[in-house]
Amino acid sequence: ITNAVHEAGGKIAMQILHAGRYGVHDKCVSASAIQAPINIYTPRALSVEEIQNTIQDFVNCARRAEEAGYDGIEIMGSEGYFLHQFIAPRTNKREDEYGGTFENRMRLPLEIIAAIREVVSEKFMLIYRISVVDLVEEGSSKEEVIQFAKALETAGVHLLNTGIGWHEARIPTISMRVPRGSFVWAAELLKQHVSIPVSATNRINTPELAEEIISAGKADAVSMARPLLADPHFVLKAKNNQSNLINTCVGCNQACLDQIFSGEIASCLVNPFAARELTMQLLPSTYKKKIAVVGAGVAGLTAALVLAQRGNEVEVFEQQESLGGQLRLAAQVPGKEEFFETIRYYSEQLKHFGVKIHLNTSFELKNFQDGNFEELVWATGVVPSEYAWEENDGSLPVLNYVEAIQKNASLGNEVVVLGAGGIAMDVASLLTQTTETKEEYSSHWGIDVQLEHRGALQEKQERTPFRKVSILQRSNKKLGNKLGKTTVWSHRTELQQLGVGVYNGSTGLKILGGELLFNSNGIDYVLQPNAIVLCLGQRSAQTDVLTFVEAGIPLHVLGGAHDTNGLDARKVIREATEW
């Protein structure tokens with residue numbers, strides 16, 4: 001690995017991470033025997049002798065990294081991992097030389113750095129990921145962060161990478177709902193107190209934003225992780241002034257973090273090749289064909305791009321006036337605007353590979369019979385599912401989620417949403433708020449950007465919803481039960497802050513005399529909403545595929561047009577890539 005990076009002209013550092021009480025096993029250890037709220041195991045407090053052994057483990061790891069050809073290491077000292085468990089009073093209740101005063105609590109990482117410096121060469125780079133913003137109670141204070149940063153510089157650290165939030169913090173820090181660059185202020189604050197370079201991090205996903213941060217002197221470097229899963233050629237494209245061709249990370253966490261926590265290999269929603277480069281290769285087509293792709297939603301766009309990249313001649317036909325399909329709808333939800341970047345990526349890439357796009361155009365049998373194409377890809381997507389009312393006298397307007405997104409402004413002051421999944425939660429967000437600025441995000445989640453309170457926590461500013469929204473779901477499980485565990489909790493919290501009511505176990509729904517009548521777990525309710533929005537999943541769009549099948553045309557049906565079971569962008573993009 002190190003040879004490959006050096007041959008390409010790059011430098012490489014290895015991160016040394018000790019999980020401490022975040023280790024998911026019964027042998028986990030920490031500064032004190034305090035269980036993490038996100039772990040079922042309680043750690044054992046290390047003895048002083050065991051701490052000395054652990055210091056030697058860090059030293060051995062650093063020495064071996066240099067022997068393996070690494071140019072440096074990054075010591076993970078943030079996000080609530082082992083070393084920061086010694087720093088923070090939240091997790092360090094020791095009464096020996098490694099606990100109590102701040103000088104004692106920061107002793108361990110400083111001893112590790114000093115010991116490492118003795119065994120590695122002078123040119124070996126030492127990076128420390130320092131927790132600037134803990135976002136937990138009994139976290140570090142501003143004074144402690146600055147004191148520790150200065151001590152790290154004195155100890156010989158070459159670069160500080162800013163860490164944001166513990167994993168147990170109940171504030172989102174990297175999801176798509178976090179505005180871009182929301183934590184650059186942390187690097188800017190740190191930079192004022194040290195002379196070594198400081199790197200900004202979290203929700204920085206474009207070269208333009210990175211350049212803006214560095215040019216403004218807010219940081220000396222920018223750290224990215226997920227954007228390089230989304231596009232491994234990110235840096236090269238930026239260097240060649242081709243940022244329009246970058247496949248932008250949308251911050252969804254669905255195929256990276258969520259898959260890891262489900263025991264799967266990490267990948268990427270917008271780039272299913274990530275971590276599958278050896279088993280999922282994009283090879284030139286043996287026989288180049290003329291192919292028509294019907295539908296310009298995410299399935300059609302993905303298939304068209306992959307076919308074009310393999311050397312085929314491709315044309316896309318779309319009945320609507322714009323590309324994107326369901327993805328364009330999702331992008332209108334506050335906090336999901338990043339999907340516009342995905343549509344931009346497909347549009348630019350298809351143009352780059354010479355794919356012809358026909359908007360406001362239906363595809364008919366004649367198009368194929370004229371001899372223009374050899375194969376047909378059918379990706380006409382989905383339409384919203386309907387609802388079988390127990391009784392409905394038509395006295396209340398009932399819309400599906402597509403209509404609701406389009407008519408948001410005219411839906412009145414009170415709306416009921418039927419559904420329990422991601423679409424219902426997204427529509428509830430759309431109906432109650434607009435996109436947050438960085439300042440609004442920080443105030444709504446209680447983030448102290450001045451770092452005047454321990455852990456950067458302050459009182460949350462109440463949100464003011466546009467209208468009253470209630471969600472009715474048949475299930476008694478938590479709202480969004482099947483959604484990704486790394487993001488759904490924050491979405492639920494946000495809806496709660498916006499006053500969205502949830503009625504579980506809802507049955508017997510009737511619309512009579514301008515009222516919605518239903519039963520929720522044995523209790524009868526009557527609501528008088530201005531509108532009702534159906535978010536009950538989707539069914540395949542009813543399009544005339546049979547005509548083409550009977551004509552003997554080679555036909556491939558993809559995406560929601562083929563199967564709506566477990567449908568989401570991650571599944572559709574991967575399947576439309578692999579078929």
# chains A, B, ... in the order shown; residues from 1 in each chain; ligands from 1

call {"tool": "residues_around", "arguments": {"residues": "stretch 317-322 of chain A", "least_positions_apart": "5", "cutoff": "6 Å", "atoms": "only C-alpha atoms", "output": "PDB file with C-alpha atoms, in the first residue's frame"}}
result
ATOM      1  CA  VAL A 294     -36.309   4.954 -20.972  1.00  0.00           C
ATOM      2  CA  GLY A 295     -36.582   6.963 -17.760  1.00  0.00           C
ATOM      3  CA  ALA A 296     -34.148   9.483 -16.277  1.00  0.00           C
ATOM      4  CA  HIS A 358     -34.451  13.664 -24.799  1.00  0.00           C
ATOM      5  CA  LEU A 359     -36.641  15.449 -22.225  1.00  0.00           C
ATOM      6  CA  ASN A 360     -40.425  15.796 -22.492  1.00  0.00           C
ATOM      7  CA  THR A 361     -40.280  12.765 -24.777  1.00  0.00           C
ATOM      8  CA  SER A 362     -42.088   9.430 -24.635  1.00  0.00           C
TER       9      SER A 362
END

call {"tool": "closest_atom_pairs", "arguments": {"of": "stretch 212-286 of chain A", "to": "stretch 308-313 of chain A", "cutoff": "8 Å", "atoms": "only C-alpha atoms", "output": "Markdown table"}}
result
| residue | atom | partner | partner_atom | distance |
| --- | --- | --- | --- | --- |
| A:Leu282 | CA | A:Arg310 | CA | 6.9 |
| A:Leu283 | CA | A:Arg310 | CA | 6.1 |
| A:Pro284 | CA | A:Arg310 | CA | 4.3 |
| A:Ser285 | CA | A:Arg310 | CA | 5.4 |

call {"tool": "select_by_dssp", "arguments": {"residues": "stretch 289-472 of chain A", "states": "helix (DSSP H, G or I)", "output": "ChimeraX atom specification"}}
result
/A:298-309,326-330,339-352,365-372,401-406,408-410,422-432,438-444,454-456

call {"tool": "closest_residue", "arguments": {"among": "A:Tyr345, A:Trp445, A:Tyr22, A:Phe548", "to": "A:Tyr41", "atoms": "only C-alpha atoms"}}
result
A:Tyr22

call {"tool": "select_by_dssp", "arguments": {"residues": "stretch 485-548 of chain A", "states": "strand (DSSP E)", "output": "PyMOL selection string"}}
result
chain A and resi 501-503+506-512+515-520+523-527+531-534+538-540

call {"tool": "closest_residue", "arguments": {"among": "A:Ile116, A:Val427, A:Val316, A:Val133", "to": "A:His84", "atoms": "only C-alpha atoms"}}
result
A:Val133

call {"tool": "atom_distance", "arguments": {"atom1": "atom CA of A:Glu578", "atom2": "atom CA of A:Ala561"}}
result
16.2 Å

call {"tool": "closest_residue", "arguments": {"among": "A:Val333, A:Val120, A:Ala420, A:Ile87", "to": "A:Ile471", "atoms": "only C-alpha atoms"}}
result
A:Ala420

call {"tool": "residues_around", "arguments": {"residues": "stretch 42-50 of chain A", "least_positions_apart": "4", "cutoff": "9 Å", "atoms": "only C-alpha atoms", "output": "ChimeraX atom specification"}}
result
/A:20-23,26-36,54-55,94,96-98

call {"tool": "residues_around", "arguments": {"residues": "A:Met76", "least_positions_apart": "4", "cutoff": "8 Å", "atoms": "only C-alpha atoms", "output": "PDB file with N, CA and C atoms, in the first residue's frame"}}
result
ATOM      1  N   GLN A  15      -3.432   5.817  10.771  1.00  0.00           N
ATOM      2  CA  GLN A  15      -4.094   6.224  12.002  1.00  0.00           C
ATOM      3  C   GLN A  15      -3.997   5.118  13.046  1.00  0.00           C
ATOM      4  N   ILE A  16      -3.578   5.501  14.246  1.00  0.00           N
ATOM      5  CA  ILE A  16      -3.532   4.568  15.368  1.00  0.00           C
ATOM      6  C   ILE A  16      -4.732   4.868  16.255  1.00  0.00           C
ATOM      7  N   LEU A  17      -5.641   3.912  16.372  1.00  0.00           N
ATOM      8  CA  LEU A  17      -6.883   4.119  17.112  1.00  0.00           C
ATOM      9  C   LEU A  17      -7.075   3.023  18.148  1.00  0.00           C
ATOM     10  N   HIS A  18      -7.247   3.443  19.375  1.00  0.00           N
ATOM     11  CA  HIS A  18      -7.618   2.532  20.465  1.00  0.00           C
ATOM     12  C   HIS A  18      -9.047   2.913  20.849  1.00  0.00           C
ATOM     13  N   TYR A  81     -12.875   8.335  21.862  1.00  0.00           N
ATOM     14  CA  TYR A  81     -12.095   7.099  21.918  1.00  0.00           C
ATOM     15  C   TYR A  81     -11.136   7.104  23.126  1.00  0.00           C
ATOM     16  N   LEU A  83      -7.975   7.620  24.196  1.00  0.00           N
ATOM     17  CA  LEU A  83      -7.136   8.687  24.728  1.00  0.00           C
ATOM     18  C   LEU A  83      -7.973   9.846  25.258  1.00  0.00           C
ATOM     19  N   TYR A 128      -1.955  14.603  15.328  1.00  0.00           N
ATOM     20  CA  TYR A 128      -2.820  14.244  16.459  1.00  0.00           C
ATOM     21  C   TYR A 128      -4.215  14.757  16.167  1.00  0.00           C
ATOM     22  N   ARG A 129      -5.200  13.856  16.261  1.00  0.00           N
ATOM     23  CA  ARG A 129      -6.604  14.264  16.096  1.00  0.00           C
ATOM     24  C   ARG A 129      -7.137  14.644  17.467  1.00  0.00           C
ATOM     25  N   ILE A 130      -7.288  15.939  17.650  1.00  0.00           N
ATOM     26  CA  ILE A 130      -7.660  16.488  18.941  1.00  0.00           C
ATOM     27  C   ILE A 130      -9.150  16.824  18.969  1.00  0.00           C
TER      28      ILE A 130
END

call {"tool": "residues_around", "arguments": {"residues": "A:Pro397", "least_positions_apart": "4", "cutoff": "8 Å", "atoms": "only C-alpha atoms", "output": "number ranges by chain"}}
result
A: 530-532

call {"tool": "closest_residue", "arguments": {"among": "A:Met125, A:Leu365, A:Leu512, A:Val383", "to": "A:Asp544", "atoms": "only C-alpha atoms"}}
result
A:Leu365

call {"tool": "decode", "arguments": {"residues": "stretch 466-506 of chain A", "atoms": "N, CA and C atoms", "output": "tab-separated table (two decimals), in the first residue's frame"}}
result
chain	number	residue	atom	x	y	z
A	466	PHE	N	-43.67	25.62	10.61
A	466	PHE	CA	-44.58	26.35	9.74
A	466	PHE	C	-46.04	26.01	10.03
A	467	ARG	N	-46.26	24.76	10.34
A	467	ARG	CA	-47.63	24.28	10.53
A	467	ARG	C	-47.64	23.09	11.48
A	468	LYS	N	-48.81	22.72	11.91
A	468	LYS	CA	-48.95	21.55	12.76
A	468	LYS	C	-49.03	20.30	11.89
A	469	VAL	N	-48.19	19.31	12.19
A	469	VAL	CA	-48.16	18.07	11.41
A	469	VAL	C	-48.27	16.88	12.37
A	470	SER	N	-49.11	15.94	12.00
A	470	SER	CA	-49.24	14.68	12.75
A	470	SER	C	-48.96	13.52	11.81
A	471	ILE	N	-48.26	12.51	12.32
A	471	ILE	CA	-47.98	11.30	11.54
A	471	ILE	C	-48.78	10.14	12.13
A	472	LEU	N	-49.50	9.45	11.28
A	472	LEU	CA	-50.25	8.25	11.68
A	472	LEU	C	-49.58	7.03	11.09
A	473	GLN	N	-49.22	6.08	11.92
A	473	GLN	CA	-48.64	4.84	11.40
A	473	GLN	C	-49.34	3.63	12.00
A	474	ARG	N	-49.47	2.60	11.19
A	474	ARG	CA	-50.14	1.38	11.63
A	474	ARG	C	-49.31	0.64	12.68
A	475	SER	N	-48.00	0.72	12.55
A	475	SER	CA	-47.10	0.00	13.44
A	475	SER	C	-47.00	0.66	14.82
A	476	ASN	N	-46.52	-0.12	15.79
A	476	ASN	CA	-46.21	0.43	17.12
A	476	ASN	C	-44.70	0.55	17.33
A	477	LYS	N	-43.95	0.33	16.26
A	477	LYS	CA	-42.49	0.46	16.36
A	477	LYS	C	-42.10	1.93	16.25
A	478	LYS	N	-40.84	2.21	16.51
A	478	LYS	CA	-40.36	3.58	16.40
A	478	LYS	C	-40.49	4.07	14.96
A	479	LEU	N	-40.77	5.33	14.81
A	479	LEU	CA	-40.87	5.93	13.48
A	479	LEU	C	-39.56	5.71	12.72
A	480	GLY	N	-39.66	5.31	11.45
A	480	GLY	CA	-38.47	5.07	10.65
A	480	GLY	C	-37.67	3.88	11.12
A	481	ASN	N	-38.37	2.85	11.58
A	481	ASN	CA	-37.72	1.69	12.21
A	481	ASN	C	-36.69	1.01	11.30
A	482	LYS	N	-36.90	1.07	9.98
A	482	LYS	CA	-36.01	0.36	9.06
A	482	LYS	C	-34.91	1.26	8.47
A	483	LEU	N	-34.85	2.49	8.92
A	483	LEU	CA	-33.86	3.42	8.37
A	483	LEU	C	-32.51	3.25	9.06
A	484	GLY	N	-31.47	3.88	8.51
A	484	GLY	CA	-30.11	3.73	9.01
A	484	GLY	C	-29.94	4.22	10.44
A	485	LYS	N	-29.27	3.41	11.27
A	485	LYS	CA	-29.17	3.71	12.70
A	485	LYS	C	-28.31	4.94	12.99
A	486	THR	N	-27.41	5.33	12.08
A	486	THR	CA	-26.53	6.46	12.36
A	486	THR	C	-27.19	7.80	12.11
A	487	THR	N	-28.35	7.82	11.45
A	487	THR	CA	-28.99	9.09	11.14
A	487	THR	C	-30.45	9.19	11.59
A	488	VAL	N	-31.15	8.06	11.69
A	488	VAL	CA	-32.59	8.13	11.96
A	488	VAL	C	-32.89	8.75	13.32
A	489	TRP	N	-32.01	8.55	14.31
A	489	TRP	CA	-32.26	9.11	15.64
A	489	TRP	C	-32.32	10.64	15.61
A	490	SER	N	-31.45	11.25	14.79
A	490	SER	CA	-31.45	12.72	14.73
A	490	SER	C	-32.67	13.23	13.99
A	491	HIS	N	-33.14	12.46	13.00
A	491	HIS	CA	-34.35	12.85	12.27
A	491	HIS	C	-35.56	12.79	13.19
A	492	ARG	N	-35.63	11.74	14.00
A	492	ARG	CA	-36.73	11.63	14.97
A	492	ARG	C	-36.69	12.81	15.96
A	493	THR	N	-35.50	13.10	16.46
A	493	THR	CA	-35.34	14.21	17.41
A	493	THR	C	-35.77	15.53	16.80
A	494	GLU	N	-35.38	15.73	15.57
A	494	GLU	CA	-35.72	16.97	14.86
A	494	GLU	C	-37.23	17.11	14.72
A	495	LEU	N	-37.92	16.04	14.35
A	495	LEU	CA	-39.38	16.09	14.20
A	495	LEU	C	-40.05	16.36	15.55
A	496	GLN	N	-39.49	15.78	16.59
A	496	GLN	CA	-40.03	16.01	17.93
A	496	GLN	C	-39.88	17.49	18.31
A	497	GLN	N	-38.71	18.06	17.99
A	497	GLN	CA	-38.47	19.48	18.26
A	497	GLN	C	-39.43	20.36	17.48
A	498	LEU	N	-39.87	19.89	16.32
A	498	LEU	CA	-40.79	20.65	15.48
A	498	LEU	C	-42.25	20.40	15.84
A	499	GLY	N	-42.47	19.66	16.92
A	499	GLY	CA	-43.83	19.44	17.41
A	499	GLY	C	-44.64	18.46	16.61
A	500	VAL	N	-43.98	17.61	15.81
A	500	VAL	CA	-44.71	16.61	15.01
A	500	VAL	C	-45.21	15.51	15.93
A	501	GLY	N	-46.53	15.32	15.96
A	501	GLY	CA	-47.11	14.27	16.78
A	501	GLY	C	-47.15	12.95	16.03
A	502	VAL	N	-46.97	11.84	16.75
A	502	VAL	CA	-46.99	10.51	16.13
A	502	VAL	C	-48.06	9.66	16.81
A	503	TYR	N	-48.98	9.13	16.02
A	503	TYR	CA	-50.03	8.24	16.53
A	503	TYR	C	-49.71	6.83	16.05
A	504	ASN	N	-49.28	5.98	16.97
A	504	ASN	CA	-48.96	4.59	16.63
A	504	ASN	C	-50.22	3.73	16.62
A	505	GLY	N	-50.13	2.58	15.98
A	505	GLY	CA	-51.23	1.63	15.98
A	505	GLY	C	-52.52	2.22	15.42
A	506	SER	N	-52.41	3.04	14.39
A	506	SER	CA	-53.59	3.73	13.84
A	506	SER	C	-54.37	2.81	12.90
